[in-house]
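Notes for the one structure printed next.
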Amino acid sequence: MSLGAYLAVSAVLFASGLTCMMTKRHALGVLMGVELILNSACLNLIAFARYTSLGIDGQVFALFVIVIAAAEAAVALAIALNYYNNFLTVDVDRGDELKR
Amino acid sequence: MTVLQFLFAVFASTTCLGAVMVALTQNIVRMAFWLMVSVASAAGLFFLLHADFLAAAQLLVYLGGTVVILVFGVMLTAGGRTRSLSPTGGETIVAAALALSLIMLLLFTVGSVDWERLNTIAKTGQVSPTAAQPKNEAEPQLTESSPTGDENSPVLGAGRKGDTGHALGSAMIGFRPQWNRENQLVLGTGYLLPFEIISVHLLVVLIGAAYLARAKRQLPSSRRSPDATSTSLLWDQDSAQLDSSGSANPALSQSSPVRDDLSRSQNLVSGTGFSMFTSDPQSPNSGEVS
Amino acid sequence: MAILATGLTLEQFLSGYAGEFTGFLLAVLIHTLLLFHVFAVSPAFFIWLERKVSGRIQDRLGPTRVGGKFGWLQSVADGIKLIQKEDLAPAAADQWLFRLAPYLALVASFTVFMVLPFSRGWAAVIIESSVFLALAIISLEVLGIILAGWSSGSKWALFGSMREAAQMVSYEIPLALCALIPVMAVGSLNFVTIAEVQSGFFLTNWLIFHDPFTFVAFFVYFTVAIASVKRAPFDLAEAESELVAGFHTEYSGMRWSYFFLAEYASMLSVSCVAVLLFLGGWWSGTGLEDLLAPVRNWGQNFPVQGFSAGNYALNLLGAHIFLFKASLLVTVQIWVRWTLPRLRIDQVMTTCLKYLIPISCALFLGASLWPLTLTTILGRPMLLGRPVGDRLYEASHYSSSPAATNVTRTPAAEEVVR
């Protein structure tokens with residue numbers, strides 16, 4: 001397999017994740033889009049580590065990305081729970097209190 | 001078709017299918033399921049890319065941790081009408097157009113860049129005039145090279161293919177031998193400091209998330225709106241004073257769905273134990289403001 | 001792919017005869033079939049065992065009639081009964097996820113066996129990070145259970161799966177920490193290396209006797225493992241006295257039995273991990289294998305080219321020892337279940353967060369300081385047995401290259417390897 005094939009998969013992941021972030025109104029759905037995007041970045045880094053002279057550095061960065069993604073999920077879940085406590089919904093479009 | 005190509009086709013198609021279905025599905029738990037499919041297949045791709053440790057980390061952290069936490073969050077926030085929040089038709093069309101153009105752009109970029117030439121430039125440090133350079137057999141080829149497992153590997157300390165655990169561990173504690181551009185073995189800068197920072201970061205996240213998500217039993221909704229139903233007699237007096245001093249925001253006291261939600265949430269939070277103190281909407285407190 | 005009987009991996013062996021792609025598919029098929037037998041037959045045995053053990057503990061006889069003596073066909077009878085039952089899905093359920101969830105749990109608990117070595121080289125997949133991968137896959141079974149509870153559309157099932165999620169996410173931490181202690185003692189994440197290090201005479205070579213901290217770590221690991229396969233006293237997810245049947249309240253027939261199968265298979269897999277990490281893997285600990293070592297050279301190329309009958313026989317002995325030890329641990333799990341009462345959910349979380357995590361952190365710290373302290377005082381890294389480093393040097397031969405000793409390779413397969 002070549003580098004391009006992995007990059008193409010990663011592109012599909014990225015586009016899906018971005019679409020997910022844009023269209024979903026469920027707070028946790030948006031979070032899933034973020035996870036997809038981070039996953040695509042991970043795949044890119046590892047593919048470059050395998051096929052170019054990037055070497056182990058790509059994998060180290062991918063590991064950091066995974067750790068960051070886990071941390072981000074924990075904080076985002078806490079925020080989503082707070083949001084739900086305040087608005088009794090997880091629809092992100094309803095959080096427009098400051099506009100009024 | 002070789003074995004690797006077959007496995008790549010399987011994992012790549014399930015990864016893409018899962019990702020696209022996450023974007024298309026509206027039911028949040030089904031989205032979590034598709035995310036699971038996508039992430040697990042991506043772990044399969046990591047195995048194909050000779051990153052065993054990362055594939056296991058992906059399974060452990062993403063699937064065993066993040067997706068479980070997401071589904072857990074869905075269970076905690078499932079309030080009847082929130083199970084599916086569909087976008088409107090216009091949003092769908094705009095999003096589909098954007099997504100398709102983005103994917104076209106990315107695929108076109110991936111297809112048009114000469115990765116081999118870029119790799120050569122990165123390795124030699126100089127831009128060569130010709131794209132198709134004659135390949136030196138000592139150099140790892142673009143389609144063949146591996147961070148581990150062969151003699152020309154830029155990573156030392158790695159054994160067979162995919163055995164990146166030792167190399168990753170050494171890099172994390174600051175020991176990262178590598179080949180430089182002149183094919184000499186040098187001790188590169190490791191990742192000890194980023195590793196320490198990310199450990200502290202994880203600790204901060206642990207405390208922060210616990211702080212954010214903690215149960216707020218005392219003084220529920222003290223900052224939200226002064227006229228909302230309160231949960232204790234003491235707090236009733238406090239908010240009455242606040243109201244009489246005129247510092248309450250009249251905009252917030254407008255009848256709105258948000259406010260209804262707030263009062264309901266307070267009833268939920270306060271629970272049955274405090275319900276005898278909960279004032280009804282006709283209480284003097286809320287009547288004063290409106 | 002792993003070495004099954006030959007000096008080569010099975011994949012290489014078959015590729016030599018059938019071509020690369022067909023050889024790969026055949027190897028996958030054979031490994032899957034063999035593992036599926038372990039996966040499907042052992043739960044049948046353990047279900048029968050559970051009935052007998054619980055009967056004896058409660059001063060009963062347990063099943064006695066089905067299949068003649070000891071009721072040994074009881075599990076088969078159970079299976080036939082479950083197949084005949086109607087497969088129901090409640091109207092309030094999310095039908096698609098409801099039907100899918102049992103398979104997710106089943107797949108996750110089956111996949112663990114993929115990385116477990118049953119004897120020297122007898123593993124479907126040998127990779128360097130296999131301990132890490134096994135822990136990762138063990139933590140995946142919870143996903144099927146959460147989805148089952150959510151999609152049932154029943155409050156009992158939802159409560160059960162929420163408890164399961166909270167419990168699993170918490171208990172993963174001490175599980176991983178305790179598994180890291182023997183990993184740290186050996187310095188390898190590979191099951192094969194870790195098991196090879198524990199070979200030879202005497203029991204002191206087992207990692208549980210490596211130092212006081214690994215000794216305690218084994219018991220902490222075993223407690224956490226019981227919790228992670230949601231067995232009593234930690235079976236809050238299906239607490240039948242509180243939540244009708246917990247997460248599988250709405251399931252019936254075969255789909256219910258998949259959860260059952262997954263649970264018993266997970267009991268075996270966490271026990272296998274415990275045996276590999278602490279209890280000497282496939283080594284008897286008596287030095288018997290050292291006496292029998294010359295057998296490995298017997299019957300070279302005996303039935304077919306590239307197959308060594310003596311090597312195979314010794315590996316078979318090792319696999320039996322391994323499965324015997326794992327079954328003993330499963331029996332202890334059954335014993336614990338019928339002896340101890342169920343904890344409350346807050347007690348379960350307290351046990352994990354306030355006791356097991358600090359204890360395992362302290363054990364981890366102690367196990368990392370122990371060899372340094374001992375080397376400073378005594379001049380040798382451990383009290384009992386031979387130093388791990390010596391054994392690791394000998395073992396590296398078996399674990400780093402898949403080929404076993406003194407086995408000739410088939411000429412056809414040799415080409416594939418090149």
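Labels used: A, B, ... for chains in the order of the structure tokens, numbers from 1 for residues in each chain, and numbers from 1 for ligands as shown.
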### Task
Provide as a ChimeraX atom specification the residues of chain A at most 7 Å from chain B, counting only C-alpha atoms.
/A:1-2,4,7-9,11-13,15-17,19-20,22-26,28-29,46-47,49-53,55-56,60,63,66,70-71,73-75,77-79,81-82,84-90
### Message
Show me, as a PyMOL selection string, the residues that have an atom within 9 Å of Leu356 of chain C when counting only C-alpha atoms, minus same-chain residues fewer than 5 positions from it.
### Response
chain C and resi 171+174+220+224+350-351+361
Written selection (C-alpha atoms) as an mmCIF file, in the first residue's frame:
```cif
data_model
loop_
_atom_site.group_PDB
_atom_site.id
_atom_site.type_symbol
_atom_site.label_atom_id
_atom_site.label_comp_id
_atom_site.auth_asym_id
_atom_site.auth_seq_id
_atom_site.Cartn_x
_atom_site.Cartn_y
_atom_site.Cartn_z
ATOM 1 C CA TYR C 171 -11.859 -0.760 37.494
ATOM 2 C CA PRO C 174 -6.235 -0.773 38.916
ATOM 3 C CA VAL C 220 -5.391 -7.152 43.770
ATOM 4 C CA VAL C 224 -10.228 -6.345 40.024
ATOM 5 C CA THR C 350 -15.509 3.080 47.085
ATOM 6 C CA THR C 351 -13.605 -0.191 46.917
ATOM 7 C CA CYS C 361 -0.284 2.753 42.894
#
```
#### Entry: Contacts of Leu18 of chain A at 7 Å (only C-alpha atoms; same-chain gap of 4+ positions) as a ChimeraX atom specification
/A:14,22,33,37
### Message
DSSP on the backbone, helix (DSSP H, G or I) only: what residues of segment 26-100 of chain A does that give? Format it as a ChimeraX atom specification.
### Response
/A:27-51,56-87,92-94,97-99
### Message
When you look at Met382 of chain C with a cut-off of 12 Å (counting only C-alpha atoms), what residues show up, excluding the ones that are within fewer than 3 positions of it in the same chain? I need them as a list in words.
### Response
Ala185, Thr204, Asn205, Leu207, Phe209, His210, Asp211, Pro212, Phe213, Thr214, Ala367, Leu369, Trp370, Pro371, Leu372, Thr373, Leu374, Thr375, Thr376, Ile377, Leu378, Gly379, Gly385, Arg386, Pro387, Val388, Gly389 and Asp390 of chain C
### Query
Could you work out how far atom CA of Ala76 of chain A lies from atom CA of Ala148 of chain C, giving the answer in Å with one decimal?
24.6 Å
### Message
With only C-alpha atoms as the counted atoms, please give the residues lying no more than 12 Å from Ile146 of chain C, apart from itself and same-chain residues fewer than 2 positions off, as a ChimeraX atom specification.
### Response
/B:29,32-33,64,67-75 /C:97-98,100-102,104-105,140-144,148-152,157-169,237,246-248
Can you check which residues of chain B have any atom within 6 Å of chain C? Use only C-alpha atoms and format it as an mmCIF file with C-alpha atoms, in the first residue's frame.
```
data_model
loop_
_atom_site.group_PDB
_atom_site.id
_atom_site.type_symbol
_atom_site.label_atom_id
_atom_site.label_comp_id
_atom_site.auth_asym_id
_atom_site.auth_seq_id
_atom_site.Cartn_x
_atom_site.Cartn_y
_atom_site.Cartn_z
ATOM 1 C CA VAL B 3 -2.739 -9.936 1.890
ATOM 2 C CA PHE B 53 1.433 0.056 20.491
ATOM 3 C CA ALA B 56 -3.632 -0.907 21.291
ATOM 4 C CA LEU B 59 -8.484 0.615 21.316
ATOM 5 C CA LEU B 60 -7.932 1.237 25.016
ATOM 6 C CA GLY B 64 -12.656 1.576 26.034
ATOM 7 C CA ASP B 163 7.526 -3.340 17.740
#
```
